[in-house]
Amino acid sequence: MTEIQQQKILIVDDQEDFARGIKRLIEGAFPEHEVFVAFDGQQAMSILKGQPINIMVSDLQMPGMNGLELLETALAKNEFLSVVMLTAHGTVETAVEALKAGAYDFVTKPIEQDNLFRVINKGLERSRLLAENRLLREQIEQHKDRLLGDSPVMQQLKQSIGAVSRTDYNVLIMGESGTGKELVAKMVRDLSGRAEKPYVTVNCTAIPENLLESELFGHVKGAFSGADSDREGLFTRADGGTILLDEIGDIPLETQVKLLRVLQEGEIRPVGSDSSRNIDVRVLASTNQDLLQRVADKTFREDLYHRLNVLPLTLPPLKERPGDIPLLARYFARKACFELGLPEKELDPAVVGHLSARKWTGNVRELQNTMRQLAVFSAGESITMLAVDMAAGKMSSETTDESAATLPYKEAKQQLVDSFSRSYISDILARTNGNISEAARNSGLSRVAVQKMLTRFNLDPASFKANQGQS
């Protein structure tokens with residue numbers, strides 16, 4: 001059962017007996033929340049400044065600071081405050097004006113108790129969702145430039161990033177597509193002494209080969225057809241800072257020669273120019289290719305490779321860090337729900353197990369896209385295996401039992417989840433030779449959860465040992 005988080009309600013009305021009566025009513029209907037009362041606008045603002053009020057129920061007609069003025073002042077202080085206005089039947093037009101000014105809803109006097117409780121309940125829910133979205137936005141902002149994961153290989157990578165960031169040497173970042181090479185490059189830059197200086201990223205595959213040299217080093221007027229004026233290159237824009245050459249393995253040999261000169265001499269020569277200029281740029285390069293093989297194939301210069309590979313950083317594929325998958329999946333699920341404007345959804349343990357066992361050829365990027373799909377296909381408060389099947393388009397005999405269609409929804413769903421869970425836990429125990437602790441680590445489940453599943457499905461871990469029955 002989900003624990004109800006306490007929220008704070010403020011009642012504002014210049015009729016003191018009426019205000020206290022409303023307070024008692026609300027306290028009786030919402031005993032888990034704290035209710036405050038104020039008898040004028042100034043007193044209400046004093047409470048708002050001292051307490052994190054979630055919803056304010058205020059009269060419109062009050063001496064001094066009236067309800068509309070209080071509304072404007074209160075929302076200026078807390079844009080996430082839900083404001084419900086109390087109005088007599090004859091002032092409904094004013095209540096509509098309050099809605100246009102930002103009020104959440106209004107209730108007419110004399111008060112209908114059920115209607116008041118309904119509006120307050122909706123206002124509290126709105127306040128809760130706004131607070132959760134704000135927290136989620138802060139979490140996403142906090143993690144957007146961070147590598148998520150606590151596996152040994154990720155801890156080692158983070159230590160290496162910290163070490164290379166403190167130098168000014170060139171860095172070669174290697175890893176499969178989707179492992180986060182651009183994120184690592186930005187971390188290196190942000191942790192370096194050049195963090196406040198220019199940062200330029202270049203997607204080497206996105207620039208046509210005949211324009212790459214001009215884009216990198218600039219050109220002078222008349223250097224080639226269409227060069228109507230001088231143009232500075234990306235290295236000049238990065239002067240004093242850092243440049244990331246993404247997918248460095250795809251640049252042509254002719255441009256490699258010019259890039260080598262930049263790294264050796266610290267100077268660039270624009271296309272068509274007879275003179276060079278000195279620059280101070282730290283070079284980060286990234287690739288998903290085997291550059292040593294490219295060197296062997298004579299498609300990448302060996303001297304350039306060694307100039308770039310002063311400090312190497314190799315990003316592990318997701319298959320080498322399965323213990324990080326549950327953390328990544330939950331983070332991407334929260335982020336996807338936030339992007340879609342949905343309440344946060346929990347991950348069903350069976351889904352966590354499924355994700356942990358899956359082979360992620362697209363690495364972290366593929367996992368993120370999958371969590372976006374699951375958020376879209378999950379109708380309830382949890383992401384279940386039903387969403388996994390829907391996202392994969394596998395609502396057939398591959399993952400379902402035909403007999404499930406004849407059952408009520410909840411029973412059919414449970415049958416499918418049980419079928420998957422039994423198959424999944426059997427498979428992972430077979431791969432871990434019946435080792436429950438290792439199965440728990442690889443699946444992202446707790447050891448207790450694995451043991452419960454074994455008991456539930458009457459499975460003996462000893463039966464999964466490869467040497468069972470051998471002498």
# chains A, B, ... in the order shown; residues from 1 in each chain; ligands from 1
>>> select_by_dssp(residues="stretch 35-225 of chain A", states="strand (DSSP E or B)", output="number ranges by chain")
A: 35-38, 55-59, 82-88, 105-109, 171-174, 199-203, 219
>>> write_last_selection(atoms="N, CA, C and O atoms", output="compact mmCIF listing (two decimals), in the first residue's frame")
# COMPACT_ATOMS: atom_id res chain seq x y z
N VAL A 35 -4.09 21.46 8.00
CA VAL A 35 -4.94 22.56 7.54
C VAL A 35 -4.66 23.82 8.35
O VAL A 35 -4.65 23.79 9.58
N PHE A 36 -4.42 24.94 7.65
CA PHE A 36 -4.19 26.24 8.27
C PHE A 36 -5.37 27.15 7.94
O PHE A 36 -6.09 26.92 6.96
N VAL A 37 -5.55 28.21 8.74
CA VAL A 37 -6.64 29.15 8.49
C VAL A 37 -6.13 30.57 8.63
O VAL A 37 -5.28 30.87 9.48
N ALA A 38 -6.60 31.44 7.74
CA ALA A 38 -6.26 32.87 7.79
C ALA A 38 -7.53 33.67 7.56
O ALA A 38 -8.45 33.21 6.86
N ILE A 55 -2.34 23.72 -1.41
CA ILE A 55 -3.61 24.19 -1.97
C ILE A 55 -4.19 25.27 -1.05
O ILE A 55 -4.17 25.12 0.18
N MET A 56 -4.67 26.34 -1.64
CA MET A 56 -5.27 27.44 -0.89
C MET A 56 -6.72 27.59 -1.32
O MET A 56 -7.01 27.68 -2.53
N VAL A 57 -7.63 27.59 -0.35
CA VAL A 57 -9.06 27.82 -0.59
C VAL A 57 -9.37 29.21 -0.05
O VAL A 57 -9.34 29.44 1.15
N SER A 58 -9.67 30.15 -0.95
CA SER A 58 -9.81 31.55 -0.53
C SER A 58 -11.11 32.16 -1.01
O SER A 58 -11.58 31.91 -2.12
N ASP A 59 -11.68 32.99 -0.13
CA ASP A 59 -12.87 33.76 -0.50
C ASP A 59 -12.46 34.85 -1.49
O ASP A 59 -11.33 35.35 -1.46
N SER A 82 -2.02 25.30 -5.91
CA SER A 82 -3.39 25.14 -6.44
C SER A 82 -4.31 26.04 -5.64
O SER A 82 -4.37 25.93 -4.41
N VAL A 83 -5.03 26.94 -6.32
CA VAL A 83 -5.89 27.91 -5.65
C VAL A 83 -7.35 27.65 -6.03
O VAL A 83 -7.68 27.62 -7.21
N VAL A 84 -8.19 27.45 -5.01
CA VAL A 84 -9.63 27.28 -5.21
C VAL A 84 -10.32 28.51 -4.63
O VAL A 84 -10.09 28.86 -3.47
N MET A 85 -11.13 29.18 -5.43
CA MET A 85 -11.80 30.39 -4.99
C MET A 85 -13.21 30.07 -4.49
O MET A 85 -13.92 29.25 -5.09
N LEU A 86 -13.62 30.73 -3.40
CA LEU A 86 -14.98 30.63 -2.87
C LEU A 86 -15.74 31.87 -3.30
O LEU A 86 -15.27 33.00 -3.12
N THR A 87 -16.92 31.67 -3.89
CA THR A 87 -17.67 32.82 -4.40
C THR A 87 -19.15 32.62 -4.20
O THR A 87 -19.66 31.49 -4.24
N ALA A 88 -19.84 33.72 -3.98
CA ALA A 88 -21.31 33.67 -3.90
C ALA A 88 -21.88 33.52 -5.30
O ALA A 88 -21.21 33.79 -6.31
N ASP A 105 -9.70 26.23 -9.59
CA ASP A 105 -11.14 25.95 -9.66
C ASP A 105 -11.85 26.92 -8.72
O ASP A 105 -11.21 27.70 -8.01
N PHE A 106 -13.19 26.89 -8.73
CA PHE A 106 -13.93 27.70 -7.77
C PHE A 106 -15.12 26.90 -7.26
O PHE A 106 -15.62 25.98 -7.91
N VAL A 107 -15.59 27.25 -6.05
CA VAL A 107 -16.73 26.62 -5.41
C VAL A 107 -17.69 27.72 -4.97
O VAL A 107 -17.26 28.72 -4.39
N THR A 108 -18.97 27.56 -5.24
CA THR A 108 -19.95 28.59 -4.89
C THR A 108 -20.50 28.38 -3.49
O THR A 108 -20.58 27.26 -2.99
N LYS A 109 -20.83 29.52 -2.87
CA LYS A 109 -21.50 29.49 -1.57
C LYS A 109 -23.01 29.55 -1.78
O LYS A 109 -23.47 30.21 -2.73
N VAL A 171 42.54 13.13 -26.10
CA VAL A 171 41.87 11.94 -25.59
C VAL A 171 41.16 11.24 -26.75
O VAL A 171 40.47 11.89 -27.54
N LEU A 172 41.33 9.92 -26.85
CA LEU A 172 40.61 9.11 -27.83
C LEU A 172 39.57 8.28 -27.09
O LEU A 172 39.92 7.46 -26.23
N ILE A 173 38.30 8.51 -27.39
CA ILE A 173 37.19 7.83 -26.71
C ILE A 173 36.65 6.76 -27.65
O ILE A 173 36.18 7.06 -28.75
N MET A 174 36.72 5.51 -27.22
CA MET A 174 36.33 4.37 -28.06
C MET A 174 35.18 3.62 -27.42
O MET A 174 35.11 3.48 -26.21
N TYR A 199 33.34 25.13 -26.46
CA TYR A 199 33.28 23.68 -26.67
C TYR A 199 32.55 23.45 -27.98
O TYR A 199 31.38 23.79 -28.13
N VAL A 200 33.25 22.87 -28.95
CA VAL A 200 32.71 22.67 -30.30
C VAL A 200 32.69 21.18 -30.60
O VAL A 200 33.68 20.48 -30.39
N THR A 201 31.55 20.69 -31.06
CA THR A 201 31.45 19.28 -31.45
C THR A 201 31.28 19.19 -32.96
O THR A 201 30.55 19.98 -33.56
N VAL A 202 31.97 18.22 -33.56
CA VAL A 202 31.95 18.04 -35.01
C VAL A 202 31.57 16.59 -35.30
O VAL A 202 32.27 15.67 -34.88
N ASN A 203 30.46 16.41 -35.99
CA ASN A 203 30.08 15.08 -36.46
C ASN A 203 30.74 14.88 -37.82
O ASN A 203 30.25 15.37 -38.84
N HIS A 219 38.25 28.95 -44.63
CA HIS A 219 38.75 29.22 -45.98
C HIS A 219 38.80 30.73 -46.21
O HIS A 219 38.18 31.51 -45.48
>>> residues_around(residues="A:Glu381", least_positions_apart="6", cutoff="9 Å", atoms="only C-alpha atoms", output="list of chain:residue names")
A:Pro343, A:Glu344, A:Lys345, A:Glu346
>>> residues_around(residues="A:Glu215", least_positions_apart="3", cutoff="8 Å", atoms="only C-alpha atoms", output="PDB file with N, CA and C atoms, in the first residue's frame")
ATOM      1  N   LEU A 211      33.789  19.214 -48.198  1.00  0.00           N
ATOM      2  CA  LEU A 211      33.632  20.423 -47.389  1.00  0.00           C
ATOM      3  C   LEU A 211      34.273  20.303 -46.009  1.00  0.00           C
ATOM      4  N   LEU A 212      34.706  19.097 -45.643  1.00  0.00           N
ATOM      5  CA  LEU A 212      35.184  18.871 -44.282  1.00  0.00           C
ATOM      6  C   LEU A 212      36.383  19.736 -43.937  1.00  0.00           C
ATOM      7  N   GLY A 218      38.468  26.439 -41.966  1.00  0.00           N
ATOM      8  CA  GLY A 218      38.074  27.702 -42.572  1.00  0.00           C
ATOM      9  C   GLY A 218      38.605  27.848 -43.986  1.00  0.00           C
ATOM     10  N   GLY A 233      36.982  28.557 -39.408  1.00  0.00           N
ATOM     11  CA  GLY A 233      36.629  27.157 -39.235  1.00  0.00           C
ATOM     12  C   GLY A 233      36.282  26.830 -37.793  1.00  0.00           C
ATOM     13  N   LEU A 234      35.887  25.580 -37.578  1.00  0.00           N
ATOM     14  CA  LEU A 234      35.469  25.142 -36.250  1.00  0.00           C
ATOM     15  C   LEU A 234      36.621  25.131 -35.264  1.00  0.00           C
TER      16      LEU A 234
END
>>> residues_around(residues="A:Pro270", least_positions_apart="5", cutoff="12 Å", atoms="only C-alpha atoms", output="MDAnalysis selection string")
chainID A and resid 212:224 227 230:236 258:259 262 275:278
>>> residues_around(residues="A:Pro31", least_positions_apart="3", cutoff="12 Å", atoms="only C-alpha atoms", output="count of residues only")
14
>>> closest_residue(among="A:Ile325, A:Leu157, A:Met65, A:Ile53", to="A:Ser127", atoms="only C-alpha atoms")
A:Ile53
>>> select_by_dssp(residues="stretch 208-413 of chain A", states="alpha helix (DSSP H)", output="PyMOL selection string")
chain A and resi 209-217+234-237+253-265+291-296+302-308+325-340+349-357+363-377+385-392+409-413
>>> atom_distance(atom1="atom CA of A:Leu315", atom2="atom CA of A:Gly240")
27.1 Å
>>> residues_around(residues="stretch 245-247 of chain A", least_positions_apart="2", cutoff="6 Å", atoms="only C-alpha atoms", output="ChimeraX atom specification")
/A:202-204,249,285-287
>>> write_last_selection(atoms="N, CA and C atoms", output="PDB file, in the first residue's frame")
ATOM      1  N   VAL A 202      31.967  18.221 -33.559  1.00  0.00           N
ATOM      2  CA  VAL A 202      31.947  18.036 -35.005  1.00  0.00           C
ATOM      3  C   VAL A 202      31.574  16.594 -35.300  1.00  0.00           C
ATOM      4  N   ASN A 203      30.458  16.411 -35.991  1.00  0.00           N
ATOM      5  CA  ASN A 203      30.084  15.078 -36.465  1.00  0.00           C
ATOM      6  C   ASN A 203      30.743  14.881 -37.822  1.00  0.00           C
ATOM      7  N   CYS A 204      31.857  14.162 -37.828  1.00  0.00           N
ATOM      8  CA  CYS A 204      32.662  14.063 -39.047  1.00  0.00           C
ATOM      9  C   CYS A 204      31.925  13.352 -40.175  1.00  0.00           C
ATOM     10  N   GLY A 249      37.149   8.163 -37.222  1.00  0.00           N
ATOM     11  CA  GLY A 249      37.628   7.136 -38.150  1.00  0.00           C
ATOM     12  C   GLY A 249      37.142   7.314 -39.571  1.00  0.00           C
ATOM     13  N   ALA A 285      38.613  13.006 -29.456  1.00  0.00           N
ATOM     14  CA  ALA A 285      38.133  12.293 -30.636  1.00  0.00           C
ATOM     15  C   ALA A 285      37.398  11.041 -30.193  1.00  0.00           C
ATOM     16  N   SER A 286      36.357  10.676 -30.933  1.00  0.00           N
ATOM     17  CA  SER A 286      35.601   9.483 -30.575  1.00  0.00           C
ATOM     18  C   SER A 286      35.376   8.629 -31.809  1.00  0.00           C
ATOM     19  N   THR A 287      35.230   7.321 -31.592  1.00  0.00           N
ATOM     20  CA  THR A 287      34.999   6.407 -32.703  1.00  0.00           C
ATOM     21  C   THR A 287      34.395   5.113 -32.201  1.00  0.00           C
TER      22      THR A 287
END
>>> atom_distance(atom1="atom CA of A:Ile279", atom2="atom CA of A:Arg194")
14.2 Å
>>> residues_around(residues="A:Arg431", least_positions_apart="5", cutoff="9 Å", atoms="only C-alpha atoms", output="mmCIF file with all heavy atoms, in the first residue's frame")
data_model
loop_
_atom_site.group_PDB
_atom_site.id
_atom_site.type_symbol
_atom_site.label_atom_id
_atom_site.label_comp_id
_atom_site.auth_asym_id
_atom_site.auth_seq_id
_atom_site.Cartn_x
_atom_site.Cartn_y
_atom_site.Cartn_z
ATOM 1 N N SER A 426 14.157 -19.850 -14.880
ATOM 2 C CA SER A 426 14.761 -21.131 -15.245
ATOM 3 C C SER A 426 15.953 -20.913 -16.159
ATOM 4 O O SER A 426 17.016 -21.532 -15.999
ATOM 5 C CB SER A 426 13.729 -22.035 -15.933
ATOM 6 O OG SER A 426 12.656 -22.339 -15.068
ATOM 7 N N ALA A 439 22.514 -15.305 -10.067
ATOM 8 C CA ALA A 439 21.267 -15.085 -10.809
ATOM 9 C C ALA A 439 20.619 -13.774 -10.381
ATOM 10 O O ALA A 439 20.088 -13.030 -11.202
ATOM 11 C CB ALA A 439 20.315 -16.254 -10.588
ATOM 12 N N PHE A 464 19.677 -27.198 -11.696
ATOM 13 C CA PHE A 464 20.243 -26.427 -12.788
ATOM 14 C C PHE A 464 21.772 -26.497 -12.837
ATOM 15 O O PHE A 464 22.388 -25.865 -13.674
ATOM 16 C CB PHE A 464 19.817 -24.957 -12.687
ATOM 17 C CG PHE A 464 18.339 -24.754 -12.856
ATOM 18 C CD1 PHE A 464 17.488 -24.744 -11.751
ATOM 19 C CD2 PHE A 464 17.790 -24.628 -14.128
ATOM 20 C CE1 PHE A 464 16.131 -24.568 -11.909
ATOM 21 C CE2 PHE A 464 16.420 -24.450 -14.275
ATOM 22 C CZ PHE A 464 15.587 -24.420 -13.175
#
>>> closest_residue(among="A:Pro52, A:Gly380, A:Pro461, A:Gly444", to="A:Arg330", atoms="only C-alpha atoms")
A:Gly444
>>> closest_residue(among="A:Ile248, A:Val352, A:Ile428, A:Ala29", to="A:Phe117", atoms="only C-alpha atoms")
A:Ala29
>>> atom_distance(atom1="atom CA of A:Arg282", atom2="atom CA of A:Asn210")
24.6 Å
